[in-house]
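*Asks:* My structure is stored as protein_15.csv, with CSV, C-alpha atoms.
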chain,number,residue,atom,x,y,z
A,1009,MET,CA,-7.0,-1.3,18.1
A,1010,ALA,CA,-6.0,-4.9,17.4
A,1011,LYS,CA,-2.9,-5.5,15.3
A,1012,ARG,CA,-3.9,-6.4,11.8
A,1013,ASP,CA,-2.1,-8.9,9.6
A,1014,ALA,CA,0.1,-7.6,6.8
A,1015,ASP,CA,-1.0,-8.4,3.3
A,1016,HIS,CA,1.0,-8.8,0.1
A,1017,VAL,CA,0.4,-5.1,-0.8
A,1018,ASP,CA,1.8,-4.0,2.6
A,1019,ARG,CA,5.1,-5.7,1.7
A,1020,ILE,CA,5.2,-4.0,-1.7
A,1021,VAL,CA,4.5,-0.6,-0.3
A,1022,THR,CA,7.1,-1.2,2.4
A,1023,GLN,CA,9.7,-2.1,-0.2
A,1024,TRP,CA,8.9,0.9,-2.3
A,1025,ARG,CA,9.1,3.2,0.7
A,1026,ARG,CA,12.5,1.8,1.5
A,1027,GLU,CA,13.8,2.0,-2.1
A,1028,ARG,CA,12.1,5.3,-3.0
A,1029,PRO,CA,11.3,7.3,0.1
A,1030,ASP,CA,10.9,10.4,-2.1
A,1031,LEU,CA,7.7,9.0,-3.6
A,1032,ASP,CA,4.3,8.9,-1.9
A,1033,VAL,CA,3.3,5.3,-2.7
A,1034,ALA,CA,0.1,5.3,-0.5
A,1035,PRO,CA,-2.1,5.3,-3.7
A,1036,LEU,CA,-0.4,2.1,-4.7
A,1037,GLY,CA,-1.7,0.5,-1.5
A,1038,VAL,CA,-5.3,1.5,-2.3
A,1039,LEU,CA,-5.3,0.6,-6.0
A,1040,GLY,CA,-3.1,-2.5,-5.4
A,1041,ARG,CA,-5.7,-3.8,-3.0
A,1042,LEU,CA,-8.6,-2.9,-5.2
A,1043,PHE,CA,-7.0,-4.8,-8.1
A,1044,ARG,CA,-6.1,-7.8,-6.0
A,1045,VAL,CA,-9.6,-8.0,-4.3
A,1046,ALA,CA,-11.2,-7.7,-7.8
A,1047,GLN,CA,-9.0,-10.5,-9.2
A,1048,LEU,CA,-9.6,-12.9,-6.3
A,1049,ALA,CA,-13.3,-12.1,-6.2
A,1050,ASP,CA,-13.7,-12.5,-9.9
A,1051,ASP,CA,-12.1,-16.0,-9.7
A,1052,ALA,CA,-14.3,-17.0,-6.8
A,1053,LEU,CA,-17.5,-15.7,-8.5
A,1054,ALA,CA,-16.6,-17.5,-11.7
A,1055,LYS,CA,-16.1,-20.8,-9.9
A,1056,GLY,CA,-19.4,-20.2,-8.1
A,1057,VAL,CA,-21.4,-20.3,-11.3
A,1058,GLU,CA,-19.5,-23.2,-13.0
A,1059,PRO,CA,-22.0,-25.7,-11.6
A,1060,PHE,CA,-24.6,-24.1,-13.7
A,1061,GLY,CA,-22.6,-24.7,-16.9
A,1062,LEU,CA,-21.5,-21.1,-17.2
A,1063,GLN,CA,-18.1,-20.3,-18.4
A,1064,ARG,CA,-16.2,-17.2,-17.2
A,1065,GLY,CA,-17.8,-14.1,-18.4
A,1066,TRP,CA,-21.2,-15.7,-19.4
A,1067,PHE,CA,-22.9,-14.7,-16.1
A,1068,ASP,CA,-22.6,-11.0,-16.6
A,1069,LEU,CA,-24.1,-11.1,-20.1
A,1070,LEU,CA,-27.0,-13.4,-19.0
A,1071,ALA,CA,-27.5,-11.2,-16.0
A,1072,ALA,CA,-27.7,-8.1,-18.2
A,1073,LEU,CA,-30.4,-9.7,-20.3
A,1074,ARG,CA,-32.3,-10.9,-17.2
A,1075,ARG,CA,-32.1,-7.4,-15.6
A,1076,ALA,CA,-33.6,-5.9,-18.7
A,1077,GLY,CA,-36.9,-7.4,-17.8
A,1078,ALA,CA,-39.4,-9.2,-20.1
A,1079,PRO,CA,-38.8,-10.1,-22.9
A,1080,TYR,CA,-35.2,-10.3,-21.7
A,1081,GLU,CA,-33.6,-8.9,-24.8
A,1082,LEU,CA,-31.2,-6.2,-25.7
A,1083,ASN,CA,-29.3,-5.2,-28.8
A,1084,PRO,CA,-25.6,-5.9,-28.9
A,1085,THR,CA,-24.7,-2.2,-28.3
A,1086,GLU,CA,-26.8,-2.2,-25.1
A,1087,LEU,CA,-25.2,-5.4,-24.1
A,1088,MET,CA,-21.7,-4.0,-24.6
A,1089,LYS,CA,-22.5,-1.0,-22.4
A,1090,ALA,CA,-24.0,-3.3,-19.7
A,1091,THR,CA,-21.1,-5.7,-19.7
A,1092,LEU,CA,-18.2,-3.4,-20.7
A,1093,LEU,CA,-17.1,-5.9,-23.4
A,1094,SER,CA,-15.6,-4.9,-26.8
A,1095,SER,CA,-17.5,-5.6,-30.0
A,1096,GLY,CA,-15.3,-8.6,-30.8
A,1097,GLY,CA,-15.5,-10.0,-27.3
A,1098,MET,CA,-19.3,-9.6,-27.4
A,1099,THR,CA,-19.6,-11.5,-30.7
A,1100,LYS,CA,-17.5,-14.4,-29.6
A,1101,ARG,CA,-19.3,-14.7,-26.3
A,1102,LEU,CA,-22.7,-14.5,-27.9
A,1103,ASP,CA,-21.8,-17.2,-30.4
A,1104,ARG,CA,-20.9,-19.5,-27.5
A,1105,LEU,CA,-24.1,-18.7,-25.6
A,1106,VAL,CA,-26.2,-19.4,-28.7
A,1107,GLU,CA,-24.4,-22.7,-29.1
A,1108,ALA,CA,-25.2,-23.5,-25.5
A,1109,GLY,CA,-28.9,-22.7,-26.0
A,1110,LEU,CA,-28.9,-19.9,-23.5
A,1111,VAL,CA,-29.6,-17.0,-25.8
A,1112,GLU,CA,-30.9,-16.5,-29.3
A,1113,ARG,CA,-30.4,-13.8,-31.9
A,1114,ARG,CA,-33.3,-12.4,-33.8
A,1115,PRO,CA,-33.9,-9.5,-36.2
A,1116,ASP,CA,-34.7,-6.2,-34.6
A,1117,PRO,CA,-38.2,-5.2,-35.8
A,1118,ASP,CA,-37.3,-1.5,-35.3
A,1119,ASP,CA,-34.0,-1.6,-37.3
A,1120,ARG,CA,-33.8,-4.0,-40.3
A,1121,ARG,CA,-30.0,-4.0,-40.0
A,1122,GLY,CA,-30.1,-4.7,-36.3
A,1123,THR,CA,-30.2,-7.8,-34.1
A,1124,LEU,CA,-31.7,-8.4,-30.7
A,1125,VAL,CA,-30.3,-10.9,-28.3
A,1126,ARG,CA,-32.8,-12.7,-26.1
A,1127,LEU,CA,-32.6,-15.1,-23.2
A,1128,THR,CA,-34.1,-18.5,-24.1
A,1129,ARG,CA,-36.2,-20.3,-21.5
A,1130,GLN,CA,-33.2,-22.4,-20.6
A,1131,GLY,CA,-31.1,-19.2,-20.4
A,1132,LYS,CA,-33.6,-17.6,-18.0
A,1133,SER,CA,-33.8,-20.7,-15.9
A,1134,THR,CA,-30.0,-20.9,-15.7
A,1135,ILE,CA,-29.4,-17.3,-14.8
A,1136,ASP,CA,-32.1,-17.3,-12.2
A,1137,LYS,CA,-30.6,-20.3,-10.5
A,1138,ALA,CA,-27.0,-19.0,-10.9
A,1139,LEU,CA,-28.0,-15.6,-9.5
A,1140,GLU,CA,-29.0,-17.1,-6.2
A,1141,ALA,CA,-25.6,-18.9,-5.9
A,1142,HIS,CA,-23.8,-15.8,-7.1
A,1143,VAL,CA,-25.5,-13.5,-4.5
A,1144,ALA,CA,-24.7,-16.0,-1.7
A,1145,ASN,CA,-21.1,-16.1,-2.9
A,1146,GLU,CA,-20.9,-12.3,-2.9
A,1147,LYS,CA,-22.2,-12.3,0.7
A,1148,ARG,CA,-19.6,-14.9,1.7
A,1149,LEU,CA,-16.8,-12.8,0.1
A,1150,VAL,CA,-17.7,-9.6,2.2
A,1151,HIS,CA,-18.7,-11.4,5.4
A,1152,SER,CA,-15.7,-10.1,7.3
A,1153,LEU,CA,-17.0,-6.6,6.9
A,1154,THR,CA,-19.8,-5.3,9.2
A,1155,ALA,CA,-22.9,-3.8,7.6
A,1156,ALA,CA,-21.5,-0.3,8.4
A,1157,ASP,CA,-18.1,-1.2,6.9
A,1158,ARG,CA,-19.9,-2.4,3.7
A,1159,ARG,CA,-21.9,0.8,3.4
A,1160,ALA,CA,-18.8,3.0,4.0
A,1161,LEU,CA,-16.7,1.0,1.5
A,1162,ASN,CA,-19.5,1.2,-1.0
A,1163,SER,CA,-19.7,4.9,-0.6
A,1164,LEU,CA,-16.0,5.4,-0.9
A,1165,LEU,CA,-15.7,3.2,-4.0
A,1166,ARG,CA,-18.7,5.0,-5.6
A,1167,THR,CA,-16.9,8.4,-5.1
A,1168,LEU,CA,-13.7,6.9,-6.6
A,1169,LEU,CA,-15.4,5.3,-9.5
A,1170,VAL,CA,-17.3,8.5,-10.4
A,1171,GLN,CA,-14.0,10.4,-10.4
A,1172,VAL,CA,-12.1,7.7,-12.4
A,1173,GLU,CA,-15.0,7.3,-14.9
A,1174,SER,CA,-15.0,11.1,-15.5
A,1175,ASN,CA,-11.3,11.1,-16.5
Would you mind writing the file's structure down as structure tokens?
*Replies:*
Amino acid sequence: MAKRDADHVDRIVTQWRRERPDLDVAPLGVLGRLFRVAQLADDALAKGVEPFGLQRGWFDLLAALRRAGAPYELNPTELMKATLLSSGGMTKRLDRLVEAGLVERRPDPDDRRGTLVRLTRQGKSTIDKALEAHVANEKRLVHSLTAADRRALNSLLRTLLVQVESN
């Protein structure tokens, strides 16, 4: 097996093993890498959609509406579940997206106190173009993994996520 390069997390784990040999710090390696990869990937993916006029965090919200299918609308609660945003975060983001002309709010005909959020034509066009760049960027980020590695990693992460979500 070829020698692999050490990463930042390897150095942290090595330091903790030296300082606290009584502790099993192997989980730190797994979670430290997950967090670091997520942070770096999030940064790269956000930069990848900037050319479409999308600020950080807008892509996920627009994508959730687009995935909902025609007429590309959801109520704020459904959007919060789809994007894992808090109520306050959702309101602020929606206000900005409305100002940008990418979504519109309208009364929910099935709930007179409710609101629906819908992609505008401009919003649909923007998310469709940004999605193509986003998917290409995701492929670039995982290109160092073989197809088998990606499947294995995906399966392992699914198992971990199911366990963590159930806690």
*Asks:* Near range 1070-1082 of chain A, within 9 Å and counting all atoms listed in the file, which residues show up once chain neighbours fewer than 2 positions away are dropped, as a PDB file with C-alpha atoms, in the frame of the given file?
*Replies:*
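Okay, this is what ended up in out.pdb:
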ATOM      1  CA  TRP A1066     -21.200 -15.700 -19.400  1.00  0.00           C
ATOM      2  CA  PHE A1067     -22.900 -14.700 -16.100  1.00  0.00           C
ATOM      3  CA  ASP A1068     -22.600 -11.000 -16.600  1.00  0.00           C
ATOM      4  CA  PRO A1084     -25.600  -5.900 -28.900  1.00  0.00           C
ATOM      5  CA  THR A1085     -24.700  -2.200 -28.300  1.00  0.00           C
ATOM      6  CA  GLU A1086     -26.800  -2.200 -25.100  1.00  0.00           C
ATOM      7  CA  LEU A1087     -25.200  -5.400 -24.100  1.00  0.00           C
ATOM      8  CA  ALA A1090     -24.000  -3.300 -19.700  1.00  0.00           C
ATOM      9  CA  THR A1091     -21.100  -5.700 -19.700  1.00  0.00           C
ATOM     10  CA  LEU A1105     -24.100 -18.700 -25.600  1.00  0.00           C
ATOM     11  CA  LEU A1110     -28.900 -19.900 -23.500  1.00  0.00           C
ATOM     12  CA  VAL A1111     -29.600 -17.000 -25.800  1.00  0.00           C
ATOM     13  CA  THR A1123     -30.200  -7.800 -34.100  1.00  0.00           C
ATOM     14  CA  LEU A1124     -31.700  -8.400 -30.700  1.00  0.00           C
ATOM     15  CA  VAL A1125     -30.300 -10.900 -28.300  1.00  0.00           C
ATOM     16  CA  ARG A1126     -32.800 -12.700 -26.100  1.00  0.00           C
ATOM     17  CA  LEU A1127     -32.600 -15.100 -23.200  1.00  0.00           C
ATOM     18  CA  THR A1128     -34.100 -18.500 -24.100  1.00  0.00           C
ATOM     19  CA  GLY A1131     -31.100 -19.200 -20.400  1.00  0.00           C
ATOM     20  CA  LYS A1132     -33.600 -17.600 -18.000  1.00  0.00           C
ATOM     21  CA  THR A1134     -30.000 -20.900 -15.700  1.00  0.00           C
ATOM     22  CA  ILE A1135     -29.400 -17.300 -14.800  1.00  0.00           C
ATOM     23  CA  ASP A1136     -32.100 -17.300 -12.200  1.00  0.00           C
ATOM     24  CA  LEU A1139     -28.000 -15.600  -9.500  1.00  0.00           C
TER      25      LEU A1139
END
*Asks:* Pick the closest to Lys1089 in chain A from A:Leu1102, A:His1016, A:Leu1169, A:Leu1069: which is it, counting all atoms listed in the file?
*Replies:* A:Leu1069
*Asks:* For CA of Arg1104 in chain A and CA of Lys1055 in chain A, quote the distance in Å rounded to one decimal.
*Replies:* 18.3 Å
*Asks:* Would you mind listing what lies within 12 Å of Asp1050 in chain A as a PDB file with C-alpha atoms, keeping the file's coordinate frame, with only C-alpha atoms counted and same-chain residues fewer than 3 positions away left out?
*Replies:*
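Dumped to around32.pdb:
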ATOM      1  CA  LEU A1042      -8.600  -2.900  -5.200  1.00  0.00           C
ATOM      2  CA  PHE A1043      -7.000  -4.800  -8.100  1.00  0.00           C
ATOM      3  CA  ARG A1044      -6.100  -7.800  -6.000  1.00  0.00           C
ATOM      4  CA  VAL A1045      -9.600  -8.000  -4.300  1.00  0.00           C
ATOM      5  CA  ALA A1046     -11.200  -7.700  -7.800  1.00  0.00           C
ATOM      6  CA  GLN A1047      -9.000 -10.500  -9.200  1.00  0.00           C
ATOM      7  CA  LEU A1053     -17.500 -15.700  -8.500  1.00  0.00           C
ATOM      8  CA  ALA A1054     -16.600 -17.500 -11.700  1.00  0.00           C
ATOM      9  CA  LYS A1055     -16.100 -20.800  -9.900  1.00  0.00           C
ATOM     10  CA  GLY A1056     -19.400 -20.200  -8.100  1.00  0.00           C
ATOM     11  CA  VAL A1057     -21.400 -20.300 -11.300  1.00  0.00           C
ATOM     12  CA  ARG A1064     -16.200 -17.200 -17.200  1.00  0.00           C
ATOM     13  CA  GLY A1065     -17.800 -14.100 -18.400  1.00  0.00           C
ATOM     14  CA  PHE A1067     -22.900 -14.700 -16.100  1.00  0.00           C
ATOM     15  CA  ASP A1068     -22.600 -11.000 -16.600  1.00  0.00           C
ATOM     16  CA  HIS A1142     -23.800 -15.800  -7.100  1.00  0.00           C
ATOM     17  CA  ASN A1145     -21.100 -16.100  -2.900  1.00  0.00           C
ATOM     18  CA  GLU A1146     -20.900 -12.300  -2.900  1.00  0.00           C
ATOM     19  CA  LEU A1149     -16.800 -12.800   0.100  1.00  0.00           C
TER      20      LEU A1149
END
*Asks:* So the first atom is CA of Gln1130 in chain A and the second is CA of Gly1109 in chain A; what is the distance between them in Å, to one decimal place?
*Replies:* 6.9 Å
*Asks:* In terms of the shortest atom-to-atom distance over all atoms listed in the file, which of A:Met1088, A:Leu1168, A:Leu1161, A:Ala1052 is closest to Ala1144 in chain A?
*Replies:* A:Ala1052
*Asks:* Show which residues sit within 10 Å of Gly1122 in chain A, as a list in words. Count all atoms listed in the file, and ignore same-chain residues fewer than 4 positions away.
*Replies:*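 Once the nearby chain positions are removed, what remains is Asn1083, Pro1084, Thr1085, Arg1114, Pro1115, Asp1116, Pro1117 and Asp1118 of chain A.
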*Asks:* Hey, can you check how far CA of Arg1129 in chain A sits from CA of Ser1095 in chain A?
*Replies:*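 Taking CA of Arg1129 in chain A and CA of Ser1095 in chain A, their separation equals 25.3 Å.
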